[in-house]
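The file my_file.cif comes next; it holds mmCIF, C-alpha atoms.
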```
data_structure
loop_
_atom_site.label_atom_id
_atom_site.label_comp_id
_atom_site.auth_asym_id
_atom_site.auth_seq_id
_atom_site.Cartn_x
_atom_site.Cartn_y
_atom_site.Cartn_z
CA MET A 1 7.26 -9.85 8.97
CA ILE A 2 7.50 -13.11 7.12
CA THR A 3 8.24 -13.52 3.42
CA VAL A 4 5.72 -14.46 0.75
CA SER A 5 7.20 -17.94 0.42
CA GLU A 6 7.02 -18.44 4.20
CA ALA A 7 3.38 -17.37 4.20
CA LEU A 8 2.59 -19.79 1.37
CA GLU A 9 4.25 -22.62 3.31
CA ILE A 10 2.12 -21.83 6.36
CA LEU A 11 -1.03 -21.80 4.24
CA ALA A 12 -0.14 -25.15 2.67
CA GLY A 13 0.42 -26.69 6.08
CA ALA A 14 -2.80 -25.34 7.54
CA CYS A 15 -5.15 -26.13 4.64
CA ALA A 16 -5.66 -29.89 4.52
CA PRO A 17 -7.90 -31.21 1.73
CA LEU A 18 -11.55 -31.50 2.62
CA PRO A 19 -13.19 -34.98 2.63
CA ALA A 20 -14.20 -36.71 -0.58
CA GLU A 21 -17.68 -37.13 -2.00
CA ARG A 22 -19.01 -38.94 -5.06
CA ILE A 23 -20.90 -36.92 -7.63
CA PRO A 24 -22.31 -37.56 -11.13
CA LEU A 25 -19.86 -36.90 -13.96
CA ARG A 26 -22.22 -34.33 -15.45
CA GLU A 27 -21.54 -32.20 -12.34
CA ALA A 28 -17.78 -32.82 -12.20
CA PHE A 29 -16.45 -29.98 -14.36
CA GLY A 30 -14.12 -27.79 -12.31
CA ARG A 31 -13.98 -30.22 -9.38
CA THR A 32 -10.78 -31.78 -8.01
CA LEU A 33 -10.18 -35.52 -8.09
CA ALA A 34 -9.87 -37.27 -4.74
CA GLY A 35 -8.13 -40.31 -6.27
CA ASP A 36 -6.39 -41.53 -9.41
CA ILE A 37 -8.45 -42.76 -12.34
CA ARG A 38 -7.19 -45.70 -14.40
CA SER A 39 -8.74 -47.10 -17.52
CA ASP A 40 -10.40 -50.49 -17.13
CA VAL A 41 -10.66 -50.93 -20.91
CA ASP A 42 -8.53 -50.56 -24.02
CA TRP A 43 -9.34 -47.56 -26.18
CA PRO A 44 -10.41 -48.20 -28.83
CA PRO A 45 -11.77 -51.41 -27.31
CA PHE A 46 -11.51 -53.18 -30.69
CA ASP A 47 -10.13 -52.55 -34.16
CA THR A 48 -12.46 -49.98 -35.68
CA SER A 49 -12.95 -48.04 -38.90
CA ALA A 50 -12.06 -44.35 -39.03
CA MET A 51 -14.09 -43.84 -42.21
CA ASP A 52 -17.20 -44.95 -44.03
CA GLY A 53 -15.75 -47.30 -46.63
CA TYR A 54 -14.64 -50.85 -47.34
CA ALA A 55 -12.53 -53.14 -45.17
CA VAL A 56 -9.92 -54.84 -47.35
CA ARG A 57 -6.73 -56.86 -47.34
CA VAL A 58 -3.89 -54.79 -48.80
CA SER A 59 -2.73 -57.70 -50.93
CA ASP A 60 -6.13 -57.78 -52.67
CA VAL A 61 -5.72 -54.18 -53.96
CA PRO A 62 -2.08 -54.05 -55.14
CA VAL A 63 -2.86 -51.30 -57.69
CA PRO A 64 -5.67 -48.81 -58.28
CA GLY A 65 -8.51 -50.37 -60.23
CA ALA A 66 -8.17 -53.88 -58.83
CA THR A 67 -11.47 -55.68 -58.44
CA VAL A 68 -12.55 -57.14 -55.10
CA ALA A 69 -15.68 -59.13 -54.39
CA GLU A 70 -18.13 -57.38 -52.03
CA ARG A 71 -19.48 -59.43 -49.17
CA ALA A 72 -23.19 -58.93 -48.59
CA GLY A 73 -24.29 -56.63 -45.79
CA VAL A 74 -22.90 -53.61 -43.94
CA VAL A 75 -20.96 -53.60 -40.68
CA GLU A 76 -22.48 -50.89 -38.50
CA ALA A 77 -21.23 -49.30 -35.29
CA GLY A 78 -22.42 -51.35 -32.33
CA ARG A 79 -22.88 -54.53 -34.38
CA SER A 80 -20.77 -57.68 -34.74
CA PRO A 81 -18.23 -57.46 -37.59
CA GLY A 82 -19.12 -60.95 -38.76
CA PRO A 83 -16.63 -63.56 -39.97
CA ALA A 84 -13.03 -62.85 -40.92
CA LEU A 85 -12.33 -61.44 -44.37
CA ARG A 86 -11.54 -64.12 -46.93
CA PRO A 87 -8.86 -63.50 -49.57
CA GLY A 88 -10.28 -61.43 -52.43
CA GLU A 89 -13.22 -60.21 -50.35
CA CYS A 90 -14.17 -56.81 -48.88
CA VAL A 91 -17.09 -55.58 -46.82
CA ARG A 92 -18.80 -52.21 -46.37
CA VAL A 93 -18.08 -50.66 -42.93
CA MET A 94 -19.31 -47.54 -41.19
CA THR A 95 -17.23 -45.09 -39.14
CA GLY A 96 -16.74 -46.50 -35.64
CA ALA A 97 -17.76 -50.01 -36.65
CA PRO A 98 -15.69 -53.00 -35.48
CA LEU A 99 -13.55 -54.45 -38.25
CA PRO A 100 -13.66 -58.11 -39.22
CA GLU A 101 -10.53 -60.13 -38.53
CA GLY A 102 -8.05 -59.89 -41.37
CA THR A 103 -8.78 -56.24 -42.19
CA GLU A 104 -5.55 -54.41 -43.06
CA ALA A 105 -6.97 -51.10 -44.36
CA VAL A 106 -10.19 -49.24 -45.06
CA VAL A 107 -10.76 -47.64 -48.46
CA PRO A 108 -13.04 -44.55 -48.13
CA VAL A 109 -16.37 -44.92 -49.85
CA GLU A 110 -15.66 -41.89 -52.05
CA ASP A 111 -12.61 -43.67 -53.48
CA VAL A 112 -14.45 -46.70 -54.85
CA ARG A 113 -17.04 -47.57 -57.46
CA ARG A 114 -19.28 -50.58 -57.40
CA GLU A 115 -20.04 -52.81 -60.34
CA GLY A 116 -22.40 -55.78 -59.99
CA GLY A 117 -21.20 -57.43 -56.71
CA SER A 118 -17.67 -56.07 -56.90
CA VAL A 119 -15.82 -53.04 -55.60
CA ILE A 120 -13.14 -51.26 -57.63
CA PRO A 121 -10.93 -48.97 -55.50
CA ALA A 122 -9.44 -45.92 -57.25
CA VAL A 123 -6.46 -46.05 -54.86
CA ALA A 124 -4.15 -48.75 -53.58
CA PRO A 125 -4.46 -48.62 -49.78
CA ARG A 126 -1.52 -48.75 -47.39
CA ALA A 127 -1.52 -51.08 -44.41
CA GLY A 128 -3.25 -49.46 -41.42
CA GLU A 129 -4.86 -46.70 -43.46
CA HIS A 130 -8.10 -45.45 -41.83
CA VAL A 131 -7.89 -48.20 -39.23
CA ARG A 132 -7.90 -47.54 -35.48
CA ARG A 133 -6.26 -50.46 -33.71
CA ARG A 134 -7.41 -51.74 -30.34
CA GLY A 135 -5.65 -49.96 -27.47
CA GLU A 136 -3.68 -47.57 -29.70
CA SER A 137 -4.82 -44.58 -27.62
CA VAL A 138 -5.20 -46.13 -24.16
CA SER A 139 -4.35 -49.58 -22.80
CA ALA A 140 -6.33 -51.08 -19.94
CA GLY A 141 -4.63 -50.18 -16.66
CA THR A 142 -3.24 -46.89 -17.95
CA SER A 143 -3.38 -43.98 -15.49
CA LEU A 144 -5.60 -41.38 -17.12
CA LEU A 145 -6.04 -38.72 -14.44
CA ALA A 146 -4.10 -38.12 -11.23
CA ARG A 147 -5.45 -37.24 -7.83
CA GLY A 148 -5.51 -33.48 -7.38
CA ARG A 149 -6.37 -32.67 -10.99
CA ARG A 150 -9.04 -30.05 -11.52
CA LEU A 151 -11.31 -31.53 -14.16
CA GLY A 152 -11.79 -29.89 -17.54
CA PRO A 153 -14.26 -31.06 -20.21
CA ALA A 154 -11.77 -33.50 -21.79
CA ASP A 155 -10.93 -34.87 -18.33
CA VAL A 156 -14.61 -35.56 -17.72
CA ALA A 157 -14.69 -37.49 -21.00
CA LEU A 158 -11.66 -39.56 -19.94
CA ALA A 159 -13.29 -40.31 -16.60
CA ALA A 160 -16.38 -41.51 -18.44
CA LEU A 161 -14.24 -43.71 -20.69
CA ALA A 162 -12.79 -45.31 -17.54
CA GLY A 163 -16.23 -45.87 -16.03
CA ALA A 164 -15.66 -43.45 -13.13
CA GLU A 165 -19.37 -42.80 -12.63
CA PRO A 166 -19.95 -41.43 -10.07
CA VAL A 167 -16.54 -39.81 -9.60
CA ALA A 168 -14.76 -39.14 -6.28
CA VAL A 169 -13.89 -35.47 -5.77
CA HIS A 170 -13.02 -33.33 -2.77
CA HIS A 171 -15.75 -31.22 -1.21
CA ARG A 172 -15.67 -27.61 -2.28
CA PRO A 173 -14.85 -25.22 0.56
CA ARG A 174 -17.79 -23.24 1.87
CA ILE A 175 -16.82 -19.58 1.78
CA SER A 176 -18.27 -16.50 3.43
CA ILE A 177 -17.25 -12.93 2.61
CA ALA A 178 -17.55 -9.98 4.98
CA VAL A 179 -16.45 -6.41 4.27
CA THR A 180 -15.70 -4.03 7.13
CA GLY A 181 -15.79 -0.27 7.40
CA ASN A 182 -18.16 2.46 8.59
CA GLU A 183 -17.71 4.27 5.29
CA LEU A 184 -19.16 1.51 3.08
CA VAL A 185 -22.59 1.46 1.46
CA PRO A 186 -23.99 -1.14 -0.97
CA ALA A 187 -23.27 -0.76 -4.67
CA SER A 188 -26.96 0.01 -5.19
CA ALA A 189 -26.86 3.03 -2.86
CA ARG A 190 -25.85 6.60 -3.60
CA PRO A 191 -22.84 7.40 -1.37
CA GLY A 192 -23.25 10.28 1.03
CA ASP A 193 -20.52 12.53 2.36
CA ALA A 194 -17.44 10.50 3.38
CA GLN A 195 -19.02 7.27 2.12
CA LEU A 196 -17.85 4.76 -0.48
CA ARG A 197 -19.66 2.09 -2.43
CA ASP A 198 -18.50 -1.42 -1.52
CA SER A 199 -16.48 -2.83 -4.41
CA ASN A 200 -14.48 -5.42 -2.46
CA GLY A 201 -17.45 -7.61 -1.58
CA PRO A 202 -18.62 -8.13 -5.18
CA MET A 203 -15.01 -8.45 -6.36
CA LEU A 204 -14.20 -11.17 -3.82
CA ALA A 205 -17.38 -13.06 -4.74
CA ALA A 206 -16.35 -12.89 -8.40
CA LEU A 207 -12.79 -13.99 -7.61
CA CYS A 208 -14.10 -16.98 -5.69
CA LEU A 209 -16.47 -17.89 -8.50
CA SER A 210 -13.63 -17.64 -11.06
CA GLY A 211 -11.94 -20.48 -9.15
CA GLY A 212 -15.14 -22.53 -9.07
CA TRP A 213 -16.07 -21.64 -5.49
CA PRO A 214 -19.52 -20.23 -4.79
CA SER A 215 -19.64 -17.95 -1.75
CA THR A 216 -22.13 -16.26 0.52
CA SER A 217 -22.01 -12.64 1.60
CA ARG A 218 -22.37 -11.63 5.23
CA PRO A 219 -23.77 -8.23 6.17
CA ALA A 220 -21.21 -5.42 6.21
CA VAL A 221 -19.41 -5.16 9.55
CA ALA A 222 -19.10 -1.79 11.30
CA ASP A 223 -15.79 -0.68 12.83
CA GLU A 224 -17.07 -1.46 16.31
CA GLU A 225 -15.83 -3.98 18.86
CA SER A 226 -19.26 -5.57 19.29
CA ALA A 227 -19.88 -5.97 15.54
CA VAL A 228 -16.46 -7.52 14.94
CA ALA A 229 -16.90 -9.82 17.94
CA ARG A 230 -20.20 -11.09 16.55
CA LEU A 231 -18.53 -11.80 13.21
CA PHE A 232 -15.89 -14.07 14.72
CA ALA A 233 -18.19 -15.65 17.28
CA SER A 234 -20.32 -17.10 14.47
CA ALA A 235 -17.42 -17.96 12.15
CA GLY A 236 -17.50 -21.60 11.11
CA GLU A 237 -21.21 -22.13 11.53
CA ASN A 238 -21.79 -22.08 7.77
CA GLU A 239 -18.32 -21.82 6.25
CA ASP A 240 -14.94 -23.50 6.05
CA ALA A 241 -13.27 -20.20 5.19
CA LEU A 242 -14.16 -16.63 6.18
CA ILE A 243 -12.67 -13.91 3.97
CA THR A 244 -12.78 -10.33 5.22
CA SER A 245 -11.54 -7.07 3.76
CA GLY A 246 -10.39 -4.14 5.86
CA GLY A 247 -9.64 -3.73 9.54
CA VAL A 248 -6.28 -5.56 9.64
CA SER A 249 -3.74 -2.72 9.56
CA ALA A 250 -2.41 -0.68 12.52
CA GLY A 251 -5.03 2.07 12.81
CA ASP A 252 -7.37 2.79 15.70
CA PHE A 253 -10.24 1.07 13.92
CA ASP A 254 -8.31 -1.97 12.65
CA LEU A 255 -10.00 -4.28 15.10
CA LEU A 256 -10.05 -7.69 13.42
CA PRO A 257 -6.79 -9.43 14.45
CA ALA A 258 -7.29 -8.75 18.16
CA ALA A 259 -10.96 -9.72 17.96
CA ALA A 260 -10.06 -12.95 16.17
CA ARG A 261 -7.62 -13.84 18.96
CA ARG A 262 -10.23 -13.14 21.63
CA ALA A 263 -12.64 -15.41 19.75
CA GLY A 264 -10.17 -18.29 19.90
CA PHE A 265 -8.47 -18.00 16.52
CA GLU A 266 -4.78 -18.84 16.37
CA ILE A 267 -3.16 -16.13 14.23
CA LEU A 268 -0.70 -18.01 12.03
CA PHE A 269 0.63 -14.83 10.48
CA HIS A 270 -0.18 -11.14 10.46
CA GLY A 271 1.96 -9.07 8.14
CA VAL A 272 3.82 -10.29 5.06
CA ALA A 273 6.67 -8.56 3.24
CA VAL A 274 4.59 -7.98 0.12
CA ARG A 275 3.44 -4.91 -1.79
CA PRO A 276 0.55 -4.31 -1.95
CA GLY A 277 -1.03 -6.25 0.92
CA LYS A 278 1.45 -6.05 3.79
CA PRO A 279 -1.17 -6.17 6.62
CA ILE A 280 -2.72 -9.49 5.48
CA ALA A 281 -3.66 -11.83 8.35
CA PHE A 282 -4.39 -15.55 8.45
CA GLY A 283 -5.85 -17.47 11.37
CA ARG A 284 -7.45 -20.77 12.28
CA ARG A 285 -9.94 -21.97 14.89
CA GLY A 286 -10.46 -25.70 14.67
CA ALA A 287 -11.31 -26.41 11.03
CA THR A 288 -12.39 -22.82 10.32
CA LEU A 289 -9.95 -20.56 8.46
CA TRP A 290 -9.90 -16.77 8.44
CA PHE A 291 -8.25 -14.67 5.71
CA GLY A 292 -8.01 -11.02 6.72
CA LEU A 293 -7.29 -8.98 3.61
CA PRO A 294 -6.44 -5.27 3.54
CA GLY A 295 -9.23 -2.88 2.57
CA ASN A 296 -7.66 -1.13 -0.41
CA PRO A 297 -9.18 -2.88 -3.43
CA VAL A 298 -5.94 -3.63 -5.31
CA SER A 299 -4.43 -5.03 -2.11
CA THR A 300 -7.53 -7.16 -1.64
CA SER A 301 -7.28 -8.54 -5.18
CA VAL A 302 -3.52 -9.17 -5.10
CA CYS A 303 -3.74 -10.92 -1.73
CA PHE A 304 -6.54 -13.12 -3.01
CA HIS A 305 -4.54 -14.13 -6.08
CA VAL A 306 -1.26 -14.72 -4.27
CA PHE A 307 -2.45 -16.23 -0.98
CA VAL A 308 -6.17 -17.04 -0.79
CA ARG A 309 -6.33 -18.75 -4.18
CA ALA A 310 -3.53 -21.10 -3.14
CA ALA A 311 -5.20 -21.84 0.20
CA LEU A 312 -8.59 -22.63 -1.37
CA ASP A 313 -6.89 -24.90 -3.90
CA HIS A 314 -5.22 -26.75 -1.01
CA LEU A 315 -8.61 -27.15 0.70
CA GLU A 316 -9.95 -28.72 -2.46
CA GLY A 317 -6.91 -30.95 -2.87
CA ALA A 318 -5.82 -29.30 -6.13
CA ASP A 319 -2.27 -29.90 -7.38
CA PRO A 320 -0.68 -27.57 -8.31
CA ALA A 321 -2.23 -24.95 -6.03
CA GLY A 322 -2.45 -21.25 -6.72
CA PRO A 323 -2.74 -19.10 -9.83
CA VAL A 324 -1.19 -19.93 -13.19
CA ARG A 325 2.40 -18.69 -13.23
CA PHE A 326 4.47 -18.03 -16.33
CA SER A 327 7.52 -16.18 -17.58
CA ALA A 328 7.38 -13.16 -19.86
CA ARG A 329 9.63 -10.46 -21.26
CA LEU A 330 9.24 -6.98 -19.79
CA ALA A 331 8.35 -4.37 -22.41
CA SER A 332 9.84 -1.42 -20.50
CA GLY A 333 12.17 -0.85 -17.59
CA LEU A 334 11.07 -0.61 -13.97
CA ARG A 335 12.46 1.14 -10.91
CA LEU A 336 11.30 0.40 -7.40
CA ARG A 337 11.69 1.76 -3.91
CA GLY A 338 11.46 -0.51 -0.90
CA ARG A 339 12.55 -4.02 -0.07
CA ARG A 340 9.36 -6.09 -0.23
CA GLU A 341 8.31 -8.61 -2.87
CA THR A 342 6.12 -6.55 -5.20
CA TYR A 343 3.29 -7.34 -7.60
CA ARG A 344 2.61 -4.87 -10.40
CA ASP A 345 -0.39 -4.66 -12.69
CA ALA A 346 0.49 -5.58 -16.27
CA ARG A 347 -0.96 -6.42 -19.63
CA LEU A 348 0.08 -9.77 -21.13
CA ASP A 349 0.32 -10.13 -24.90
CA VAL A 350 1.80 -12.85 -27.07
CA LEU A 351 3.98 -11.35 -29.81
CA ASP A 352 5.91 -13.49 -32.29
CA GLY A 353 5.22 -16.50 -30.09
CA GLU A 354 6.67 -14.89 -26.95
CA ASN A 355 4.94 -13.75 -23.77
CA ARG A 356 5.43 -10.02 -23.25
CA VAL A 357 4.12 -7.88 -20.42
CA THR A 358 3.60 -4.15 -20.34
CA LEU A 359 3.32 -2.50 -16.93
CA ILE A 360 0.17 -0.46 -16.28
CA GLU A 361 0.61 2.91 -14.63
CA SER A 362 -1.15 3.00 -11.26
CA ARG A 363 -1.59 5.59 -8.54
CA GLY A 364 -1.48 2.98 -5.80
CA SER A 365 -3.42 0.24 -4.06
CA HIS A 366 -6.66 2.24 -4.31
CA ASP A 367 -6.47 2.54 -8.12
CA LEU A 368 -9.07 -0.05 -9.07
CA ALA A 369 -9.49 1.44 -12.55
CA ALA A 370 -5.86 0.66 -13.40
CA HIS A 371 -6.07 -2.80 -11.86
CA ALA A 372 -9.17 -3.60 -13.91
CA ARG A 373 -7.12 -3.12 -17.11
CA ALA A 374 -4.59 -5.77 -16.05
CA ASN A 375 -4.70 -9.43 -17.03
CA ALA A 376 -1.47 -10.34 -15.21
CA LEU A 377 0.69 -9.41 -12.25
CA VAL A 378 4.44 -9.03 -12.61
CA ARG A 379 6.28 -10.44 -9.60
CA VAL A 380 9.30 -8.41 -8.59
CA PRO A 381 11.52 -10.25 -6.06
CA ALA A 382 12.39 -8.64 -2.73
CA GLU A 383 15.42 -6.36 -2.70
CA THR A 384 15.06 -5.67 -6.43
CA HIS A 385 15.42 -1.98 -7.22
CA GLU A 386 15.55 -1.99 -11.00
CA LEU A 387 14.58 -4.22 -13.92
CA ALA A 388 15.73 -3.38 -17.43
CA ALA A 389 13.50 -3.51 -20.49
CA GLY A 390 13.73 -6.99 -21.99
CA SER A 391 14.19 -8.68 -18.62
CA VAL A 392 12.45 -12.03 -18.21
CA VAL A 393 10.10 -11.80 -15.21
CA ASP A 394 7.80 -14.14 -13.31
CA CYS A 395 4.09 -13.39 -13.69
CA LEU A 396 0.72 -14.48 -12.31
CA ARG A 397 -2.30 -14.72 -14.57
CA LEU A 398 -5.35 -12.78 -13.40
#
```
Rewrite the structure of this file - the entire thing - as C-alpha cells.
Amino acid sequence: MITVSEALEILAGACAPLPAERIPLREAFGRTLAGDIRSDVDWPPFDTSAMDGYAVRVSDVPVPGATVAERAGVVEAGRSPGPALRPGECVRVMTGAPLPEGTEAVVPVEDVRREGGSVIPAVAPRAGEHVRRRGESVSAGTSLLARGRRLGPADVALAALAGAEPVAVHHRPRISIAVTGNELVPASARPGDAQLRDSNGPMLAALCLSGGWPSTSRPAVADEESAVARLFASAGENEDALITSGGVSAGDFDLLPAAARRAGFEILFHGVAVRPGKPIAFGRRGATLWFGLPGNPVSTSVCFHVFVRAALDHLEGADPAGPVRFSARLASGLRLRGRRETYRDARLDVLDGENRVTLIESRGSHDLAAHARANALVRVPAETHELAAGSVVDCLRL
C-alpha cells in the first residue's frame, strides 16, 4: 500500500487542469481563474469625496467658525469637478464625486451652516479628511487576482474593476456518480429483506455540489460482471471523472478494479494506508479518470474529502487544491490501534479565540449518523498510538 501523501502526489500528477473558457462575470462565482488579472486603472481613478459635504483648502478653515465663500453649483458623481479651488473658496460635493484641483479636505454637510453665499464649518478639517486619493487602493498594473484562485464575490468585483469581462476560467470537470451493490434501493423505496437505501449516491452528489461541481447520476450498478463491464465501457462519453462507491475491496463481489483494467484503465493506485478508506482505487483511461471509493458511507465521505476533492480542484486548476486544513487543540485524549493514517470525526468550535476539536464517538465506517454530526476531521499521522488532551492536531474542514 502507498501512503496518503504518495496518493495525493499521484493524483496531482494525473489531474492536469482542463482547458480555459471565457464566461460573463455574473456567472464567475466559484470558478477558477485560468490567468492572472491585473488592474488597468488606478482605484480610485481620481481624487474623490468620501462624504456629502464641501471641498475646501485647509488653510481657509484654520479654526471652527471660519467663513468661506461658496462657489455656485454642486459637483456630482460622474460629472466634471470644474475649475480648481481658488483661495477662500469651497464647493458642494457629493459622495463619490471627483474633487476639484486644490481640494485638501472635505467638511461633511452636517458640520456646516450656510449663510447668504458663504459656508461656516463647525470644525477645522485636517488635511486628507474624507478625501480618497487617486490610486490609494490600487495602482494601475497591480496584480489583483492570481491564476488558480477560486472566485468569491469580492474577487468578482475586483475582476470587474480591472475590466476582465468576460473572464477566463478553467472548464468545470464533468462528473458522473455510480453506486454499486445488489443490496441497494433508491431513497424513495421501502427496503425489503437484506436491502439498504442508497445514501452514498445523494451524498456524493451533495459533496460535489459543495465544491461547485454539478454531477449526473448513473443507474445503480449490480454486482455482476456484465453490469460492471458496461459501466467502464461507456466511461468518458459524458464525463471527465467517474466516481463510484463500493466494489473495490477484496471480496468475491468486488469486481470494479479488475473490470476497469479489462476496459483499458491504468490503475494508478489501489489501496492506501488510510483509515477509513483503505481499498480506494484510482485509474485513468486517456483523459477519463475513475475514483473507486469504498462502499461504507463514512469511508466514501472521507475518501472524497481527502482524495477526490483535491483531484477535482486540480482538474479545475485551483491553487491550493483540496479541503481547508487548519490546526486545533484536542479537547480529550485519543488512543488508536493500527498503523495507518487515520481520520476521525470531530466537532470544531472556537473558544477564547482558539480552534478546539472534540472527537465524536463512532461505531465505525458505517456509522453515518455520527459522521453527520461532524464538521471536521482530525488527522492522526501514521504510527501514532496515542494523543493527549490538549495536543495540537491537523484537521480538515467538512
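With all atoms listed in the file as the basis for measurement, A:Ile120 is the residue among A:Arg92, A:Asp198, A:Ile120, A:Pro83 that approaches Ala66 in chain A most closely.
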Find the residues around range 145-161 of chain A up to 7 Å (all atoms listed in the file counted), leave out those fewer than 2 positions away in its own chain, and share them as a ChimeraX atom specification.
/A:25,28-37,143,163-165,317-319
So what does the PyMOL selection byres ((chain A and resi 117) around 9) actually pick up in this one, as number ranges by chain?
A: 68-72, 114-116, 118-119
Length of the CA of Glu129 in chain A to CA of Gly102 in chain A vector [Å]
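Rounded to one decimal, the two atoms are 13.7 Å apart.
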What does the structure give for the distance between CA of Ile177 in chain A and CA of Ile243 in chain A, in Å to one decimal?
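If I compute the distance from CA of Ile177 in chain A to CA of Ile243 in chain A, I get 4.9 Å.
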With the PyMOL selection byres ((chain A and resi 205) around 8) as the selection, what would be picked from this file? Answer as a PDB file with C-alpha atoms, in the coordinates of the input, please.
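Writing done, so here's part_34.pdb:
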```pdb
ATOM      1  CA  ILE A 177     -17.250 -12.930   2.610  1.00  0.00           C
ATOM      2  CA  GLY A 201     -17.450  -7.610  -1.580  1.00  0.00           C
ATOM      3  CA  PRO A 202     -18.620  -8.130  -5.180  1.00  0.00           C
ATOM      4  CA  MET A 203     -15.010  -8.450  -6.360  1.00  0.00           C
ATOM      5  CA  LEU A 204     -14.200 -11.170  -3.820  1.00  0.00           C
ATOM      6  CA  ALA A 206     -16.350 -12.890  -8.400  1.00  0.00           C
ATOM      7  CA  LEU A 207     -12.790 -13.990  -7.610  1.00  0.00           C
ATOM      8  CA  CYS A 208     -14.100 -16.980  -5.690  1.00  0.00           C
ATOM      9  CA  LEU A 209     -16.470 -17.890  -8.500  1.00  0.00           C
ATOM     10  CA  PRO A 214     -19.520 -20.230  -4.790  1.00  0.00           C
ATOM     11  CA  SER A 215     -19.640 -17.950  -1.750  1.00  0.00           C
ATOM     12  CA  THR A 216     -22.130 -16.260   0.520  1.00  0.00           C
ATOM     13  CA  SER A 217     -22.010 -12.640   1.600  1.00  0.00           C
TER      14      SER A 217
END
```
So what does the PyMOL selection byres ((chain A and resi 361) around 12) actually pick up in this one, as a PDB file with C-alpha atoms, keeping the file's coordinate frame?
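Writing the result to expr-v5.pdb gives the following:
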```
ATOM      1  CA  SER A 332       9.840  -1.420 -20.500  1.00  0.00           C
ATOM      2  CA  LEU A 334      11.070  -0.610 -13.970  1.00  0.00           C
ATOM      3  CA  ARG A 344       2.610  -4.870 -10.400  1.00  0.00           C
ATOM      4  CA  ASP A 345      -0.390  -4.660 -12.690  1.00  0.00           C
ATOM      5  CA  ALA A 346       0.490  -5.580 -16.270  1.00  0.00           C
ATOM      6  CA  ARG A 347      -0.960  -6.420 -19.630  1.00  0.00           C
ATOM      7  CA  THR A 358       3.600  -4.150 -20.340  1.00  0.00           C
ATOM      8  CA  LEU A 359       3.320  -2.500 -16.930  1.00  0.00           C
ATOM      9  CA  ILE A 360       0.170  -0.460 -16.280  1.00  0.00           C
ATOM     10  CA  SER A 362      -1.150   3.000 -11.260  1.00  0.00           C
ATOM     11  CA  ARG A 363      -1.590   5.590  -8.540  1.00  0.00           C
ATOM     12  CA  GLY A 364      -1.480   2.980  -5.800  1.00  0.00           C
ATOM     13  CA  SER A 365      -3.420   0.240  -4.060  1.00  0.00           C
ATOM     14  CA  ASP A 367      -6.470   2.540  -8.120  1.00  0.00           C
ATOM     15  CA  LEU A 368      -9.070  -0.050  -9.070  1.00  0.00           C
ATOM     16  CA  ALA A 369      -9.490   1.440 -12.550  1.00  0.00           C
ATOM     17  CA  ALA A 370      -5.860   0.660 -13.400  1.00  0.00           C
ATOM     18  CA  HIS A 371      -6.070  -2.800 -11.860  1.00  0.00           C
ATOM     19  CA  ALA A 372      -9.170  -3.600 -13.910  1.00  0.00           C
ATOM     20  CA  ARG A 373      -7.120  -3.120 -17.110  1.00  0.00           C
ATOM     21  CA  ALA A 374      -4.590  -5.770 -16.050  1.00  0.00           C
TER      22      ALA A 374
END
```
Considering all atoms listed in the file, can you say which of A:Val378, A:Leu312, A:Ala233, A:Val91 comes closest to Pro17 in chain A?
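Counting all atoms listed in the file, the residue closest to Pro17 in chain A is A:Leu312.
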Please return range 103-115 of chain A, rebuilt to N, CA and C atoms, as a compact mmCIF listing (two decimals), keeping the file's coordinate frame.
```txt
# COMPACT_ATOMS: atom_id res chain seq x y z
N THR A 103 -8.78 -57.57 -41.57
CA THR A 103 -8.78 -56.24 -42.19
C THR A 103 -7.41 -55.59 -42.02
N GLU A 104 -6.85 -55.08 -43.11
CA GLU A 104 -5.55 -54.41 -43.06
C GLU A 104 -5.67 -52.92 -43.38
N ALA A 105 -6.77 -52.51 -44.02
CA ALA A 105 -6.97 -51.10 -44.36
C ALA A 105 -8.45 -50.89 -44.65
N VAL A 106 -8.84 -49.63 -44.66
CA VAL A 106 -10.19 -49.24 -45.06
C VAL A 106 -10.05 -48.26 -46.22
N VAL A 107 -10.74 -48.55 -47.32
CA VAL A 107 -10.76 -47.64 -48.46
C VAL A 107 -12.01 -46.77 -48.34
N PRO A 108 -11.86 -45.42 -48.27
CA PRO A 108 -13.04 -44.55 -48.13
C PRO A 108 -14.04 -44.77 -49.24
N VAL A 109 -15.31 -44.64 -48.90
CA VAL A 109 -16.37 -44.92 -49.85
C VAL A 109 -16.28 -44.03 -51.08
N GLU A 110 -15.76 -42.79 -50.90
CA GLU A 110 -15.66 -41.89 -52.05
C GLU A 110 -14.56 -42.28 -53.03
N ASP A 111 -13.72 -43.25 -52.62
CA ASP A 111 -12.61 -43.67 -53.48
C ASP A 111 -12.88 -45.01 -54.16
N VAL A 112 -14.14 -45.43 -54.20
CA VAL A 112 -14.45 -46.70 -54.85
C VAL A 112 -15.66 -46.52 -55.77
N ARG A 113 -15.78 -47.44 -56.71
CA ARG A 113 -17.04 -47.57 -57.46
C ARG A 113 -17.46 -49.04 -57.42
N ARG A 114 -18.73 -49.23 -57.51
CA ARG A 114 -19.28 -50.58 -57.40
C ARG A 114 -19.83 -51.02 -58.76
N GLU A 115 -19.53 -52.24 -59.08
CA GLU A 115 -20.04 -52.81 -60.34
C GLU A 115 -20.50 -54.23 -60.07
```
